[in-house]
file query25.tsv (TSV, C-alpha atoms)
chain	number	residue	atom	x	y	z
A	1	MET	CA	-2.19	55.37	-9.05
A	2	ALA	CA	-0.76	52.02	-10.06
A	3	GLU	CA	2.16	52.13	-7.61
A	4	GLY	CA	2.35	49.13	-5.30
A	5	LYS	CA	-0.70	47.43	-6.77
A	6	ASP	CA	-0.90	44.01	-8.37
A	7	VAL	CA	-1.18	43.97	-12.13
A	8	LYS	CA	-2.68	41.13	-14.11
A	9	GLU	CA	-2.86	40.79	-17.84
A	10	PHE	CA	-6.07	39.78	-19.58
A	11	ASN	CA	-6.13	39.45	-23.38
A	12	GLY	CA	-2.85	41.31	-23.69
A	13	ARG	CA	-3.88	44.35	-21.65
A	14	PRO	CA	-2.57	45.08	-18.14
A	15	TYR	CA	-5.15	45.64	-15.41
A	16	ILE	CA	-4.57	46.95	-11.87
A	17	LEU	CA	-6.22	44.82	-9.22
A	18	GLU	CA	-8.20	46.68	-6.57
A	19	GLU	CA	-9.96	45.15	-3.60
A	20	SER	CA	-13.63	45.96	-3.41
A	21	ILE	CA	-14.80	48.53	-0.90
A	22	THR	CA	-16.85	47.19	1.99
A	23	GLY	CA	-17.99	48.67	5.28
A	24	GLU	CA	-19.74	47.96	8.56
A	25	PHE	CA	-22.48	50.25	7.33
A	26	ALA	CA	-23.61	51.34	3.90
A	27	ILE	CA	-25.93	54.32	3.74
A	28	VAL	CA	-27.81	54.90	0.51
A	29	LYS	CA	-30.49	57.26	-0.68
A	30	ALA	CA	-33.36	55.97	-2.82
A	31	TRP	CA	-36.63	57.29	-4.16
A	32	LYS	CA	-39.05	54.57	-3.05
A	33	ALA	CA	-38.87	51.47	-0.88
A	34	ASP	CA	-41.33	48.86	0.27
A	35	ARG	CA	-41.03	47.22	3.67
A	36	TYR	CA	-38.99	44.35	2.23
A	37	GLY	CA	-36.34	46.93	1.41
A	38	ASN	CA	-36.80	46.73	-2.35
A	39	LEU	CA	-35.50	50.02	-3.73
A	40	VAL	CA	-36.16	52.20	-6.72
A	41	PHE	CA	-33.91	55.15	-7.49
A	42	ARG	CA	-34.98	58.22	-9.40
A	43	HIS	CA	-33.10	59.37	-12.52
A	44	THR	CA	-29.39	59.98	-12.06
A	45	ALA	CA	-29.73	59.86	-8.28
A	46	MET	CA	-29.04	56.15	-8.83
A	47	ASN	CA	-25.30	56.49	-9.57
A	48	PHE	CA	-23.23	54.55	-6.97
A	49	ASN	CA	-26.15	53.72	-4.67
A	50	PRO	CA	-26.90	50.20	-5.99
A	51	MET	CA	-23.24	49.16	-5.59
A	52	ALA	CA	-22.90	50.82	-2.19
A	53	ALA	CA	-26.06	49.01	-1.05
A	54	THR	CA	-24.38	45.65	-1.66
A	55	ALA	CA	-21.21	46.60	0.24
A	56	GLY	CA	-22.40	47.11	3.81
A	57	LYS	CA	-22.72	44.51	6.55
A	58	ILE	CA	-25.70	46.66	7.53
A	59	THR	CA	-27.23	48.74	4.77
A	60	VAL	CA	-29.49	51.64	5.60
A	61	ALA	CA	-31.68	53.18	2.90
A	62	GLU	CA	-33.09	56.64	3.34
A	63	VAL	CA	-36.03	57.09	1.00
A	64	GLU	CA	-38.53	59.72	-0.07
A	65	GLU	CA	-41.50	57.40	0.04
A	66	ILE	CA	-42.34	54.02	1.59
A	67	VAL	CA	-44.94	52.07	-0.34
A	68	GLU	CA	-46.84	48.84	0.28
A	69	PRO	CA	-45.38	45.54	-0.99
A	70	GLY	CA	-46.69	44.96	-4.49
A	71	GLU	CA	-46.79	48.60	-5.44
A	72	LEU	CA	-43.31	48.46	-6.94
A	73	GLU	CA	-43.20	46.60	-10.24
A	74	PRO	CA	-40.85	43.60	-9.63
A	75	SER	CA	-39.01	44.06	-12.92
A	76	GLN	CA	-38.42	47.75	-12.17
A	77	ILE	CA	-36.68	47.26	-8.81
A	78	HIS	CA	-33.09	48.47	-8.91
A	79	THR	CA	-31.89	47.02	-5.60
A	80	PRO	CA	-33.54	43.87	-4.22
A	81	GLY	CA	-34.47	44.05	-0.56
A	82	ILE	CA	-32.08	41.26	0.44
A	83	PHE	CA	-29.29	43.86	0.54
A	84	ILE	CA	-31.24	46.28	2.74
A	85	ASN	CA	-31.47	46.05	6.52
A	86	ARG	CA	-33.11	49.35	7.48
A	87	VAL	CA	-35.39	51.77	5.69
A	88	ILE	CA	-35.85	55.33	6.90
A	89	LYS	CA	-38.30	57.77	5.42
A	90	GLY	CA	-36.37	61.01	5.30
A	91	SER	CA	-37.48	64.55	4.86
A	92	PHE	CA	-35.69	66.20	2.00
A	93	GLU	CA	-34.83	69.65	0.97
A	94	LYS	CA	-33.58	68.90	-2.53
A	95	ARG	CA	-30.76	71.28	-3.06
A	96	ILE	CA	-28.93	71.55	-6.38
A	97	GLU	CA	-25.19	72.06	-6.24
A	98	ARG	CA	-24.82	73.50	-9.72
A	99	VAL	CA	-27.91	74.95	-11.38
A	100	THR	CA	-27.45	75.16	-15.14
A	101	THR	CA	-30.35	76.17	-17.37
A	102	ARG	CA	-30.75	77.14	-21.00
A	103	ASP	CA	-32.98	80.15	-20.31
B	1	MET	CA	-5.28	84.84	-32.88
B	2	ALA	CA	-5.74	82.19	-30.22
B	3	LEU	CA	-9.14	80.51	-30.28
B	4	SER	CA	-11.81	81.17	-27.67
B	5	ARG	CA	-13.14	78.28	-25.61
B	6	GLU	CA	-16.19	78.18	-27.87
B	7	GLN	CA	-14.05	78.01	-31.00
B	8	VAL	CA	-12.04	75.11	-29.58
B	9	ALA	CA	-15.34	73.33	-28.91
B	10	MET	CA	-16.53	74.10	-32.47
B	11	ARG	CA	-13.38	72.61	-33.92
B	12	VAL	CA	-13.69	69.47	-31.80
B	13	ALA	CA	-17.32	69.10	-32.91
B	14	GLN	CA	-16.07	68.67	-36.48
B	15	GLU	CA	-14.56	65.35	-35.36
B	16	LEU	CA	-17.96	63.89	-34.44
B	17	GLN	CA	-19.52	61.27	-36.67
B	18	ASP	CA	-23.07	60.08	-37.07
B	19	GLY	CA	-23.97	57.36	-34.60
B	20	TYR	CA	-21.12	58.09	-32.19
B	21	TYR	CA	-21.43	57.52	-28.47
B	22	VAL	CA	-19.41	60.36	-26.95
B	23	ASN	CA	-18.33	61.22	-23.43
B	24	LEU	CA	-17.55	64.87	-22.83
B	25	GLY	CA	-15.43	65.95	-19.87
B	26	ILE	CA	-15.89	69.02	-17.72
B	27	GLY	CA	-15.07	72.48	-19.07
B	28	ILE	CA	-14.43	73.10	-22.79
B	29	PRO	CA	-15.43	69.51	-23.71
B	30	THR	CA	-18.93	70.14	-22.32
B	31	LEU	CA	-19.32	73.03	-24.78
B	32	VAL	CA	-18.86	70.61	-27.70
B	33	ALA	CA	-22.49	69.53	-27.19
B	34	ASN	CA	-23.59	72.97	-28.41
B	35	TYR	CA	-21.94	72.51	-31.81
B	36	VAL	CA	-22.98	69.01	-32.91
B	37	PRO	CA	-23.68	69.32	-36.65
B	38	ASP	CA	-27.40	69.25	-37.46
B	39	ASP	CA	-27.13	66.40	-39.95
B	40	ILE	CA	-25.68	63.84	-37.55
B	41	GLU	CA	-26.89	62.13	-34.41
B	42	VAL	CA	-24.63	61.52	-31.43
B	43	MET	CA	-25.50	60.08	-28.05
B	44	LEU	CA	-23.75	61.79	-25.16
B	45	GLN	CA	-22.68	59.58	-22.27
B	46	SER	CA	-22.24	60.99	-18.79
B	47	GLU	CA	-20.36	58.60	-16.54
B	48	ASN	CA	-22.59	59.11	-13.52
B	49	GLY	CA	-25.08	56.95	-15.40
B	50	LEU	CA	-26.80	58.68	-18.30
B	51	LEU	CA	-26.64	57.73	-21.97
B	52	GLY	CA	-28.47	60.27	-24.09
B	53	MET	CA	-27.78	63.50	-22.29
B	54	GLY	CA	-29.97	66.35	-23.49
B	55	PRO	CA	-29.53	70.11	-23.21
B	56	TYR	CA	-29.66	72.04	-19.96
B	57	PRO	CA	-33.21	72.27	-18.62
B	58	THR	CA	-35.38	75.33	-18.65
B	59	LYS	CA	-36.04	76.75	-15.19
B	60	ALA	CA	-39.40	74.98	-15.24
B	61	GLU	CA	-37.78	71.63	-16.07
B	62	LEU	CA	-35.11	71.89	-13.36
B	63	ASP	CA	-34.84	68.59	-11.44
B	64	ALA	CA	-32.39	67.87	-8.61
B	65	ASP	CA	-32.31	64.20	-9.66
B	66	MET	CA	-31.17	64.91	-13.24
B	67	ILE	CA	-27.49	65.80	-13.24
B	68	ASN	CA	-24.42	65.00	-15.29
B	69	ALA	CA	-20.99	63.90	-14.07
B	70	GLY	CA	-20.02	67.54	-13.64
B	71	LYS	CA	-22.97	67.98	-11.22
B	72	GLU	CA	-24.75	70.27	-13.69
B	73	THR	CA	-28.49	69.97	-14.08
B	74	VAL	CA	-29.32	68.41	-17.46
B	75	THR	CA	-32.20	66.74	-19.28
B	76	ALA	CA	-32.52	63.30	-20.83
B	77	ALA	CA	-32.70	63.29	-24.63
B	78	LYS	CA	-35.24	61.16	-26.50
B	79	GLY	CA	-34.03	57.56	-26.33
B	80	ALA	CA	-31.95	58.13	-23.22
B	81	ALA	CA	-31.13	55.45	-20.68
B	82	ILE	CA	-30.26	55.90	-17.01
B	83	PHE	CA	-28.26	53.26	-15.15
B	84	ASN	CA	-25.93	52.71	-12.24
B	85	SER	CA	-22.23	53.49	-12.15
B	86	ALA	CA	-21.19	49.85	-12.63
B	87	ASP	CA	-23.08	49.68	-15.93
B	88	SER	CA	-21.72	53.07	-16.87
B	89	PHE	CA	-18.13	51.99	-16.36
B	90	ALA	CA	-18.82	48.64	-18.02
B	91	MET	CA	-19.70	50.49	-21.22
B	92	ILE	CA	-16.62	52.68	-20.87
B	93	ARG	CA	-14.15	49.92	-19.97
B	94	GLY	CA	-15.72	47.59	-22.51
B	95	GLY	CA	-14.79	49.93	-25.34
B	96	HIS	CA	-18.33	50.89	-26.31
B	97	VAL	CA	-17.74	54.65	-26.13
B	98	ASP	CA	-16.52	55.84	-29.52
B	99	LEU	CA	-14.94	59.10	-28.45
B	100	THR	CA	-14.05	60.87	-25.26
B	101	VAL	CA	-13.12	64.54	-25.14
B	102	LEU	CA	-11.38	65.75	-22.02
B	103	GLY	CA	-9.21	68.50	-20.65
B	104	ALA	CA	-5.67	68.05	-19.34
B	105	PHE	CA	-2.83	69.79	-17.51
B	106	GLU	CA	-0.20	68.16	-19.73
B	107	VAL	CA	0.08	65.79	-22.68
B	108	ASP	CA	3.32	64.36	-23.95
B	109	GLN	CA	4.60	63.20	-27.31
B	110	ASN	CA	3.92	59.57	-26.42
B	111	GLY	CA	0.24	60.24	-25.84
B	112	ASN	CA	0.48	60.19	-22.04
B	113	ILE	CA	-1.96	62.47	-20.26
B	114	ALA	CA	-1.88	64.15	-16.83
B	115	SER	CA	-5.18	65.64	-15.79
B	116	TRP	CA	-6.00	64.91	-12.19
B	117	MET	CA	-3.49	66.34	-9.74
B	118	ILE	CA	-0.64	68.79	-9.26
B	119	PRO	CA	1.36	67.64	-6.21
B	120	LYS	CA	1.01	69.99	-3.23
B	121	LYS	CA	-1.24	72.32	-5.21
B	122	LEU	CA	-4.36	70.90	-6.72
B	123	ILE	CA	-6.11	67.57	-6.58
B	124	LYS	CA	-9.04	67.60	-8.94
B	125	GLY	CA	-9.58	63.91	-8.58
B	126	MET	CA	-9.54	61.54	-11.44
B	127	GLY	CA	-13.25	61.06	-11.81
B	128	GLY	CA	-14.05	58.81	-14.73
B	129	ALA	CA	-11.06	59.99	-16.73
B	130	MET	CA	-8.79	57.05	-15.94
B	131	ASP	CA	-11.35	54.60	-17.28
B	132	LEU	CA	-12.32	56.80	-20.21
B	133	VAL	CA	-8.76	57.19	-21.49
B	134	ALA	CA	-8.14	53.47	-21.08
B	135	GLY	CA	-11.42	52.37	-22.61
B	136	ALA	CA	-12.63	54.83	-25.25
B	137	LYS	CA	-11.89	54.01	-28.88
B	138	ASN	CA	-10.69	57.55	-29.58
B	139	ILE	CA	-9.50	60.34	-27.31
B	140	ILE	CA	-9.28	64.05	-28.02
B	141	VAL	CA	-7.73	66.40	-25.49
B	142	THR	CA	-8.68	70.06	-25.35
B	143	MET	CA	-6.51	72.54	-23.47
B	144	THR	CA	-4.67	75.80	-23.86
B	145	HIS	CA	-1.39	75.25	-25.69
B	146	ALA	CA	0.60	76.93	-22.91
B	147	SER	CA	-0.05	77.93	-19.29
B	148	LYS	CA	-0.78	81.50	-18.23
B	149	HIS	CA	2.95	81.81	-17.53
B	150	GLY	CA	3.75	80.72	-21.07
B	151	ASP	CA	4.93	77.20	-20.20
B	152	SER	CA	4.12	74.62	-22.86
B	153	LYS	CA	1.61	71.92	-21.95
B	154	LEU	CA	2.74	69.73	-24.85
B	155	LEU	CA	5.81	68.06	-23.44
B	156	GLU	CA	8.46	65.49	-24.19
B	157	ALA	CA	7.36	63.68	-21.02
B	158	CYS	CA	4.59	64.60	-18.59
B	159	SER	CA	5.90	65.85	-15.25
B	160	LEU	CA	2.66	65.34	-13.30
B	161	PRO	CA	1.08	62.05	-12.16
B	162	LEU	CA	-0.51	60.36	-15.17
B	163	THR	CA	-4.17	59.68	-15.82
B	164	GLY	CA	-3.44	57.44	-18.80
B	165	VAL	CA	-0.53	56.04	-20.76
B	166	ASN	CA	-0.06	56.19	-24.52
B	167	CYS	CA	-3.72	56.93	-25.20
B	168	VAL	CA	-4.15	60.48	-26.56
B	169	LYS	CA	-4.56	60.51	-30.34
B	170	LYS	CA	-5.49	64.10	-31.03
B	171	ILE	CA	-5.18	67.47	-29.30
B	172	VAL	CA	-7.13	70.62	-30.05
B	173	THR	CA	-5.60	73.67	-28.37
B	174	ASP	CA	-6.32	77.37	-28.69
B	175	LEU	CA	-3.50	77.48	-31.26
B	176	ALA	CA	-3.50	74.22	-33.18
B	177	VAL	CA	-4.83	70.77	-34.01
B	178	LEU	CA	-2.20	68.11	-33.49
B	179	GLU	CA	-2.04	64.37	-33.91
B	180	VAL	CA	0.02	62.26	-31.51
B	181	LYS	CA	1.75	59.46	-33.36
B	182	ASP	CA	5.02	57.55	-33.29
B	183	GLY	CA	6.44	59.51	-30.37
B	184	ALA	CA	5.81	63.00	-31.75
B	185	PHE	CA	3.23	65.74	-32.12
B	186	HIS	CA	2.23	66.24	-35.76
B	187	LEU	CA	0.90	69.69	-36.58
B	188	LEU	CA	-2.27	69.30	-38.65
B	189	GLU	CA	-3.93	72.73	-38.49
B	190	ARG	CA	-3.30	76.12	-36.94
B	191	ALA	CA	-5.73	78.66	-35.55
B	192	PRO	CA	-6.53	81.46	-38.01
B	193	GLY	CA	-3.76	84.05	-37.87
B	194	VAL	CA	-1.45	81.96	-35.68
B	195	SER	CA	1.96	81.27	-37.21
B	196	VAL	CA	3.69	77.92	-37.32
B	197	ASP	CA	6.64	79.60	-35.58
B	198	GLU	CA	4.45	80.55	-32.61
B	199	ILE	CA	3.21	76.97	-32.31
B	200	ILE	CA	6.77	75.64	-32.54
B	201	SER	CA	7.90	78.06	-29.83
B	202	LYS	CA	5.10	76.97	-27.52
B	203	THR	CA	5.50	73.22	-28.03
B	204	ALA	CA	8.17	71.74	-25.76
B	205	GLY	CA	7.85	68.16	-27.04
B	206	LYS	CA	8.94	66.84	-30.43
B	207	LEU	CA	6.85	68.56	-33.09
B	208	LEU	CA	6.77	67.54	-36.73
B	209	VAL	CA	5.61	70.06	-39.31
B	210	ASP	CA	5.01	68.60	-42.75
B	211	GLY	CA	4.75	71.20	-45.51
B	212	GLU	CA	2.12	73.90	-45.50
B	213	VAL	CA	-0.10	73.82	-42.42
B	214	PRO	CA	-3.67	74.88	-43.23
B	215	GLU	CA	-5.71	77.18	-41.00
B	216	MET	CA	-8.71	75.71	-39.23
B	217	VAL	CA	-11.99	76.20	-41.04
B	218	PHE	CA	-15.18	76.85	-39.10
call {"tool": "encode", "arguments": {"input": "query25.tsv", "output": "structure tokens"}}
result
Amino acid sequence: MAEGKDVKEFNGRPYILEESITGEFAIVKAWKADRYGNLVFRHTAMNFNPMAATAGKITVAEVEEIVEPGELEPSQIHTPGIFINRVIKGSFEKRIERVTTRD
Amino acid sequence: MALSREQVAMRVAQELQDGYYVNLGIGIPTLVANYVPDDIEVMLQSENGLLGMGPYPTKAELDADMINAGKETVTAAKGAAIFNSADSFAMIRGGHVDLTVLGAFEVDQNGNIASWMIPKKLIKGMGGAMDLVAGAKNIIVTMTHASKHGDSKLLEACSLPLTGVNCVKKIVTDLAVLEVKDGAFHLLERAPGVSVDEIISKTAGKLLVDGEVPEMVF
């Protein structure tokens, strides 16, 4: 993994330098958005979405619900709308890849 | 006799301490969660962004938005926190995770670990393992001592591409508990009924046996 990559030492430990990933488009999936593009993710469906949302020249958010501005609590917003260029209300069939239960 | 997967997990669970933040890898490590001693509290970290992973849900609790890093449906324990991947890896890289337990294809006597790809055969992907082995305060590897063909997985030097360098401190296999220190495997315990000779014969790397080796106690 480290082959051919720059290494820099910080506090005595070597670190591999990686360029950040960017794209023409970033496509993310969120739970709720308002029309300013402020996003809230639900549970572990957050994962890489907030970082991916910052990495696109154009970022498209597909959401389960679009709400009116003011309905999302400002301190609870995960991704501020400045990163979001398009919001699409999707229709979702929420499939689970690996169902594990205790009963 | 060689330990079952569950017994390996039970033995690893004995290494847990009260207050630990622990990341469990996919496979046998995941089973460790079932054997956390009742008198201690540990917080399980899942690198997709969950600190305080609870048990699997009941069918009624099943939620597509509650999964662990192995894509299994899980629940959030009391006191859990959910966060994005950058925060998750910040806590891993920042050395806040006390212990990580993960599987491997090979480990060598210098504590190097190979766990993510076999050239031309299998690419599992590294997942969070590279960061976990570099960042966690303590690392335990669980794996079978030898492959199905009888080839040792405890080597002088790993032959596969590495996940981490000089990081594995302890290994729990189906045959033994070993410490990795000063360029050698040190045999600490053996599975009940397994002889030291069998462990020696199935360990390709440098193995030090100091006196009587006790059997594991469950």
call {"tool": "interface_residues", "arguments": {"input": "query25.tsv", "of": "chain B", "to": "chain A", "cutoff": "9 Å", "atoms": "all atoms listed in the file", "output": "JSON, numbers by chain"}}
result
{"B": [47, 48, 49, 50, 55, 56, 57, 58, 59, 61, 62, 63, 64, 65, 66, 67, 68, 70, 71, 72, 73, 74, 82, 83, 84, 85, 86, 88, 161, 162, 163]}
call {"tool": "closest_residue", "arguments": {"input": "query25.tsv", "among": "B:Asn110, B:Ser195, B:Asn23, B:Thr203", "to": "Ile140 of chain B", "atoms": "only C-alpha atoms"}}
result
B:Asn23
call {"tool": "atom_distance", "arguments": {"input": "query25.tsv", "atom1": "atom CA of Gly12 of chain A", "atom2": "atom CA of Gly25 of chain B"}}
result
27.9 Å
call {"tool": "atom_distance", "arguments": {"input": "query25.tsv", "atom1": "atom CA of Thr100 of chain B", "atom2": "atom CA of Val133 of chain B"}}
result
7.5 Å
call {"tool": "residues_around", "arguments": {"input": "query25.tsv", "residues": "His186 of chain B", "least_positions_apart": "3", "cutoff": "7 Å", "atoms": "all atoms listed in the file", "output": "ChimeraX atom specification"}}
result
/B:178-180,207-209
call {"tool": "atom_distance", "arguments": {"input": "query25.tsv", "atom1": "atom CA of Ile88 of chain A", "atom2": "atom CA of Ala61 of chain A"}}
result
6.2 Å
call {"tool": "residues_around", "arguments": {"input": "query25.tsv", "residues": "Val63 of chain A", "least_positions_apart": "5", "cutoff": "7 Å", "atoms": "all atoms listed in the file", "output": "list in words"}}
result
Lys29, Ala30, Trp31, Lys32, Ala33, Ile88, Lys89 and Gly90 of chain A
call {"tool": "closest_residue", "arguments": {"input": "query25.tsv", "among": "B:Gly111, B:Ile123, B:Thr142, B:Asp151", "to": "Phe185 of chain B", "atoms": "only C-alpha atoms"}}
result
B:Gly111
call {"tool": "residues_around", "arguments": {"input": "query25.tsv", "residues": "Lys78 of chain B", "least_positions_apart": "4", "cutoff": "10 Å", "atoms": "all atoms listed in the file", "output": "number ranges by chain"}}
result
B: 43, 52-54
call {"tool": "residues_around", "arguments": {"input": "query25.tsv", "residues": "segment 170-174 of chain B", "least_positions_apart": "5", "cutoff": "9 Å", "atoms": "all atoms listed in the file", "output": "ChimeraX atom specification"}}
result
/B:1-5,7-9,11-12,107,111,138-146,179-181,185,190-191
call {"tool": "closest_residue", "arguments": {"input": "query25.tsv", "among": "B:Asp39, B:Glu6, B:Leu187, B:Gly27", "to": "Ala69 of chain B", "atoms": "all atoms listed in the file"}}
result
B:Gly27
call {"tool": "residues_around", "arguments": {"input": "query25.tsv", "residues": "Pro69 of chain A", "least_positions_apart": "2", "cutoff": "9 Å", "atoms": "only C-alpha atoms", "output": "list in words"}}
result
Ala33, Asp34, Arg35, Tyr36, Asn38, Val67, Glu71 and Leu72 of chain A
call {"tool": "write_last_selection", "arguments": {"input": "query25.tsv", "atoms": "C-alpha atoms", "output": "PDB file, in the frame of the given file"}}
result
ATOM      1  CA  ALA A  33     -38.870  51.470  -0.880  1.00  0.00           C
ATOM      2  CA  ASP A  34     -41.330  48.860   0.270  1.00  0.00           C
ATOM      3  CA  ARG A  35     -41.030  47.220   3.670  1.00  0.00           C
ATOM      4  CA  TYR A  36     -38.990  44.350   2.230  1.00  0.00           C
ATOM      5  CA  ASN A  38     -36.800  46.730  -2.350  1.00  0.00           C
ATOM      6  CA  VAL A  67     -44.940  52.070  -0.340  1.00  0.00           C
ATOM      7  CA  GLU A  71     -46.790  48.600  -5.440  1.00  0.00           C
ATOM      8  CA  LEU A  72     -43.310  48.460  -6.940  1.00  0.00           C
TER       9      LEU A  72
END
call {"tool": "axis_aligned_box", "arguments": {"input": "query25.tsv", "around": "segment 50-62 of chain B", "padding_each_side": "4 Å", "output": "AutoDock Vina command-line options"}}
result
--center_x -33.0 --center_y 67.2 --center_z -18.7 --size_x 20.8 --size_y 27.0 --size_z 18.7
call {"tool": "closest_residue", "arguments": {"input": "query25.tsv", "among": "A:Ala26, A:Tyr15, A:Val7, A:Val40", "to": "Pro74 of chain A", "atoms": "only C-alpha atoms"}}
result
A:Val40
call {"tool": "decode", "arguments": {"input": "query25.tsv", "residues": "segment 84-99 of chain A", "atoms": "C-alpha atoms", "output": "compact mmCIF listing (two decimals), in the first residue's frame"}}
result
# COMPACT_ATOMS: atom_id res chain seq x y z
CA ILE A 84 -25.14 20.77 -1.50
CA ASN A 85 -26.18 21.82 -5.00
CA ARG A 86 -29.16 19.56 -5.72
CA VAL A 87 -31.68 17.78 -3.54
CA ILE A 88 -33.78 14.92 -4.88
CA LYS A 89 -36.54 13.23 -2.96
CA GLY A 90 -36.06 9.57 -3.73
CA SER A 91 -38.32 6.63 -3.30
CA PHE A 92 -36.67 3.92 -1.29
CA GLU A 93 -37.00 0.25 -0.90
CA LYS A 94 -34.74 -0.19 2.11
CA ARG A 95 -33.03 -3.46 1.54
CA ILE A 96 -30.70 -5.01 4.10
CA GLU A 97 -27.61 -6.74 2.79
CA ARG A 98 -26.99 -8.89 5.84
CA VAL A 99 -29.88 -9.49 8.22
